[in-house]
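Shown next: my_file.csv, given as CSV, C-alpha atoms and all ligand atoms.
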```
chain,number,residue,atom,x,y,z
A,18,MET,CA,11.9,19.4,-18.8
A,19,GLU,CA,10.6,21.3,-15.8
A,20,ASP,CA,7.4,19.8,-14.4
A,21,SER,CA,4.6,22.3,-14.3
A,22,LEU,CA,3.6,23.6,-10.8
A,23,GLU,CA,0.2,21.8,-11.3
A,24,LYS,CA,2.0,18.5,-11.9
A,25,ILE,CA,4.2,19.0,-8.8
A,26,LYS,CA,1.2,19.9,-6.7
A,27,TYR,CA,-1.0,17.2,-8.0
A,28,PRO,CA,1.3,14.4,-9.1
A,29,ILE,CA,-1.5,11.9,-9.7
A,30,GLY,CA,-4.1,14.6,-10.5
A,31,LYS,CA,-6.9,15.9,-8.3
A,32,PHE,CA,-9.3,13.5,-6.7
A,33,GLN,CA,-12.0,12.4,-9.1
A,34,ARG,CA,-15.0,11.3,-7.2
A,35,PRO,CA,-16.0,7.9,-8.6
A,36,GLU,CA,-19.7,7.5,-9.5
A,37,SER,CA,-19.9,4.0,-8.2
A,38,TYR,CA,-17.8,1.1,-7.0
A,39,THR,CA,-17.3,-2.6,-7.3
A,40,THR,CA,-15.9,-5.3,-5.0
A,41,GLN,CA,-12.7,-5.0,-7.1
A,42,SER,CA,-12.4,-1.2,-6.6
A,43,LEU,CA,-13.1,-1.5,-2.9
A,44,ASN,CA,-10.3,-4.1,-2.7
A,45,ASP,CA,-7.9,-1.8,-4.7
A,46,TRP,CA,-8.6,1.1,-2.3
A,47,MET,CA,-8.1,-1.0,0.8
A,48,ASN,CA,-4.9,-2.5,-0.6
A,49,ILE,CA,-3.5,1.0,-1.0
A,50,LEU,CA,-4.5,2.0,2.5
A,51,GLU,CA,-2.9,-1.2,3.8
A,52,SER,CA,0.3,-0.5,1.9
A,53,LEU,CA,0.8,3.2,2.6
A,54,PRO,CA,2.8,3.0,5.9
A,55,LEU,CA,5.3,0.6,4.3
A,56,TRP,CA,5.5,2.8,1.1
A,57,LEU,CA,6.2,5.8,3.2
A,58,ASP,CA,8.9,4.0,5.1
A,59,ILE,CA,10.6,3.3,1.8
A,60,CYS,CA,10.0,6.8,0.5
A,61,ILE,CA,12.0,8.4,3.3
A,62,GLU,CA,14.7,5.8,3.5
A,63,ASN,CA,18.2,7.3,3.8
A,64,LEU,CA,17.0,10.9,3.9
A,65,ASP,CA,19.0,13.1,6.4
A,66,GLU,CA,17.6,15.8,8.7
A,67,PRO,CA,18.3,18.7,6.3
A,68,GLN,CA,16.6,16.8,3.4
A,69,LEU,CA,13.5,16.3,5.6
A,70,GLN,CA,13.2,20.1,5.9
A,71,VAL,CA,13.1,20.7,2.2
A,72,PRO,CA,9.6,21.7,0.9
A,73,TYR,CA,8.3,19.4,-1.9
A,74,ARG,CA,7.6,22.6,-3.9
A,75,ASP,CA,8.2,26.3,-3.5
A,76,GLY,CA,6.0,27.4,-0.6
A,77,GLY,CA,4.8,23.9,0.1
A,78,TRP,CA,5.1,21.6,3.1
A,79,THR,CA,8.5,20.0,4.0
A,80,ILE,CA,8.8,16.3,3.8
A,81,GLN,CA,8.5,16.3,7.6
A,82,GLN,CA,5.3,18.3,7.4
A,83,VAL,CA,3.8,16.0,4.8
A,84,ILE,CA,4.4,12.9,6.9
A,85,HIS,CA,2.9,14.5,10.0
A,86,HIS,CA,0.0,15.8,7.9
A,87,VAL,CA,-0.8,12.3,6.6
A,88,ALA,CA,-1.0,11.1,10.2
A,89,ASP,CA,-3.2,14.0,11.2
A,90,SER,CA,-5.5,13.6,8.3
A,91,HIS,CA,-5.8,9.8,8.6
A,92,MET,CA,-6.5,10.0,12.3
A,93,ASN,CA,-9.4,12.3,11.4
A,94,ALA,CA,-10.5,9.8,8.7
A,95,TYR,CA,-10.5,6.9,11.1
A,96,ILE,CA,-12.7,8.8,13.6
A,97,ARG,CA,-15.1,9.8,10.8
A,98,LEU,CA,-15.4,6.2,9.6
A,99,LYS,CA,-16.2,5.0,13.1
A,100,LEU,CA,-18.7,7.8,13.7
A,101,ALA,CA,-20.4,6.9,10.4
A,102,LEU,CA,-20.6,3.2,11.3
A,103,THR,CA,-22.1,3.9,14.7
A,104,GLU,CA,-24.3,6.9,14.2
A,105,ASP,CA,-26.9,7.9,11.7
A,106,ASN,CA,-25.3,10.2,9.1
A,107,PRO,CA,-23.3,12.1,11.7
A,108,GLN,CA,-22.0,15.6,11.0
A,109,ILE,CA,-18.2,15.4,11.0
A,110,LYS,CA,-15.8,18.0,12.2
A,111,PRO,CA,-13.6,19.7,9.6
A,112,TYR,CA,-10.2,20.9,10.7
A,113,LYS,CA,-7.7,23.4,9.5
A,114,GLU,CA,-5.0,21.3,8.1
A,115,GLU,CA,-2.7,24.2,7.2
A,116,LEU,CA,-2.7,25.3,10.8
A,117,TRP,CA,-2.3,21.8,12.2
A,118,ALA,CA,0.8,21.4,10.0
A,119,GLN,CA,2.3,24.5,11.7
A,120,LEU,CA,1.7,23.5,15.3
A,121,GLN,CA,4.9,22.9,17.3
A,122,ASP,CA,4.7,19.1,17.4
A,123,THR,CA,5.2,19.0,13.6
A,124,GLN,CA,8.6,20.7,14.1
A,125,LEU,CA,9.6,18.9,17.3
A,126,VAL,CA,8.6,15.3,16.8
A,127,PRO,CA,10.7,13.1,14.5
A,128,ILE,CA,8.8,11.7,11.5
A,129,ASN,CA,9.4,8.1,12.7
A,130,ILE,CA,6.8,8.7,15.4
A,131,SER,CA,4.2,9.5,12.9
A,132,LEU,CA,5.2,6.6,10.7
A,133,THR,CA,4.9,4.3,13.6
A,134,LEU,CA,1.5,5.8,14.3
A,135,LEU,CA,0.4,5.3,10.7
A,136,HIS,CA,1.4,1.6,10.9
A,137,ALA,CA,-0.8,1.1,13.9
A,138,LEU,CA,-3.6,3.4,12.7
A,139,HIS,CA,-3.9,1.8,9.2
A,140,ARG,CA,-3.9,-1.6,10.7
A,141,ARG,CA,-7.0,-0.7,12.8
A,142,TRP,CA,-8.6,1.3,9.9
A,143,THR,CA,-8.2,-1.4,7.2
A,144,THR,CA,-9.2,-4.2,9.6
A,145,THR,CA,-12.4,-2.3,10.1
A,146,LEU,CA,-12.9,-1.8,6.4
A,147,ARG,CA,-12.1,-5.4,5.5
A,148,GLN,CA,-14.9,-6.6,7.8
A,149,MET,CA,-17.6,-4.2,6.5
A,150,GLN,CA,-20.8,-5.6,5.2
A,151,PRO,CA,-22.2,-4.4,1.8
A,152,GLU,CA,-24.8,-2.2,3.5
A,153,GLN,CA,-22.1,-0.5,5.6
A,154,TRP,CA,-20.3,0.8,2.6
A,155,GLU,CA,-23.4,2.8,1.9
A,156,ARG,CA,-23.4,4.5,5.3
A,157,THR,CA,-22.7,8.2,5.2
A,158,TYR,CA,-21.4,11.1,7.2
A,159,TYR,CA,-22.4,14.7,6.5
A,160,HIS,CA,-19.6,17.1,5.6
A,161,PRO,CA,-20.7,20.6,6.5
A,162,GLU,CA,-18.0,22.4,4.4
A,163,HIS,CA,-19.0,20.4,1.3
A,164,ASN,CA,-22.6,20.4,2.3
A,165,ARG,CA,-23.2,16.8,1.3
A,166,ASN,CA,-23.4,13.2,2.6
A,167,VAL,CA,-20.4,11.1,1.9
A,168,PRO,CA,-20.7,7.3,1.7
A,169,MET,CA,-18.0,5.1,3.1
A,170,TRP,CA,-17.0,3.7,-0.3
A,171,GLU,CA,-16.4,7.2,-1.6
A,172,MET,CA,-14.5,8.2,1.5
A,173,THR,CA,-12.3,5.1,1.1
A,174,ALA,CA,-11.6,6.0,-2.5
A,175,MET,CA,-10.7,9.6,-1.4
A,176,TYR,CA,-8.2,8.4,1.2
A,177,ALA,CA,-6.6,5.9,-1.2
A,178,TRP,CA,-6.1,8.9,-3.5
A,179,HIS,CA,-4.8,11.0,-0.6
A,180,SER,CA,-2.3,8.3,0.3
A,181,ARG,CA,-0.8,8.1,-3.1
A,182,HIS,CA,-1.0,11.9,-3.6
A,183,HIS,CA,1.3,12.7,-0.6
A,184,MET,CA,3.5,9.7,-1.2
A,185,GLU,CA,4.2,11.0,-4.7
A,186,HIS,CA,5.1,14.4,-3.3
A,187,ILE,CA,8.0,12.8,-1.6
A,188,ARG,CA,8.9,10.4,-4.3
A,189,THR,CA,8.9,12.9,-7.1
A,190,LEU,CA,10.9,15.5,-5.0
A,191,ARG,CA,13.6,12.8,-4.5
A,192,GLU,CA,13.5,12.2,-8.3
A,193,ARG,CA,13.9,15.9,-9.1
A,194,MET,CA,16.6,16.4,-6.6
A,195,ASN,CA,18.4,13.2,-7.6
A,196,TRP,CA,18.4,12.0,-3.9
A,201,NI,NI,-3.4,16.1,2.4
```
Would you put the structure from the file into structure tokens?
Ligand code: NI
Amino acid sequence: MEDSLEKIKYPIGKFQRPESYTTQSLNDWMNILESLPLWLDICIENLDEPQLQVPYRDGGWTIQQVIHHVADSHMNAYIRLKLALTEDNPQIKPYKEELWAQLQDTQLVPINISLTLLHALHRRWTTTLRQMQPEQWERTYYHPEHNRNVPMWEMTAMYAWHSRHHMEHIRTLRERMNW
């Protein structure tokens, strides 16, 4: 049976903002962030160059664009975390992810470069998260496009979702294509 477009676009559903968190849920989210670079390595194993240029859905990003997007997005996330830990409810800088994904480097740079970047970045990111004190999880940044303050625990939940969301784009494409 054909998957619906919604299911292809949101393989694990849209992000559901959790209302609260526990030590266990924080740990689950951090585990996902720790695992993502290795999961992505496995996801793209044995794909050839033409396969990397296949969009995960009609009109969607190619596998190559997805990988470079995750690196772009998570670099922004890491900076936002550090801003929030060192400043009082800083206003963060939104960015136009669709346009970032179309800049030249996304075409010209092999995905291995972004995968290597993600290994390094997630090591620094999750090392920071693992050392956070309970009160630091409550620190916030202000998101001007959503017009709200986002606490660090919610941000971490969001990027754990984002990690799985894009990994599933690649995994389910391979499943549908029998690659
Ligand atoms: Ni994304």
* Find the residues with any atom within 12 Å of (-23.5, 0.3, 0.2); use all atoms listed in the file and the coordinates as given in the file, and write the answer as a list in words. => Ser37, Tyr38, Thr39, Thr40, Leu43, Leu102, Met149, Gln150, Pro151, Glu152, Gln153, Trp154, Glu155, Arg156, Thr157, Val167, Pro168, Met169, Trp170 and Glu171 of chain A
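For the pair atom CA of Gln81 of chain A and atom CA of Tyr112 of chain A, the interatomic distance is 19.5 Å.
Using all atoms listed in the file, the nearest neighbour of ligand NI 201 (chain A) within the list A:Glu51, A:Glu114, A:Asp58, A:Asp75 is A:Glu114.
Atom CA of His186 of chain A is found 19.5 Å from atom CA of His136 of chain A.
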* To do: Dump the neighbourhood of ligand NI 201 (chain A) as number ranges by chain: all residues within 12 Å, distances computed on all atoms listed in the file.
  => A: 26-27, 31-32, 77-78, 82-91, 93-94, 112-115, 117-118, 175-186
Per-axis box centre and lengths in Å around segment 41-44 of chain A, 4 Å margin per side, axis-aligned, as lines of an AutoDock Vina configuration file:
```
center_x = -11.7
center_y = -3.1
center_z = -4.9
size_x = 10.8
size_y = 11.8
size_z = 12.4
```
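The space between atom CA of Ile61 of chain A and atom CA of Trp46 of chain A spans 22.6 Å.
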* **Pick from A:Met172, A:Met92, A:Leu64, A:Ile80, whichever lies nearest to Leu134 of chain A using only C-alpha atoms** => A:Met92
* To do: Might you pull out every residue within 8 Å of Arg147 of chain A, with all atoms listed in the file counted and same-chain residues fewer than 3 positions away left off, and present them as a PyMOL selection string?
  => chain A and resi 47+143-144
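Here the question is which of A:Asp65, A:Leu100, A:Leu50, A:Thr79 gets nearest to Thr123 of chain A using all atoms listed in the file, and that residue is A:Thr79.
Nearest to Trp196 of chain A of all the residues A:Ile49, A:Cys60, A:Leu55, A:Leu22 is A:Cys60, based on only C-alpha atoms.
Near segment 103-108 of chain A, within 7 Å and counting all atoms listed in the file, sit Lys99, Thr157, Tyr158, Tyr159, His160 and Pro161 of chain A; same-chain residues fewer than 4 positions away were not included.
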* So which one's closest to Tyr73 of chain A, A:His139, A:Lys24, A:His163, A:Arg34? Using all atoms listed in the file, please. -> A:Lys24
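For the residues A:Ser21, A:Asn195, A:Thr145, A:Gln124, ranking by smallest atom-to-atom distance to Ile96 of chain A using all atoms listed in the file places A:Thr145 first.
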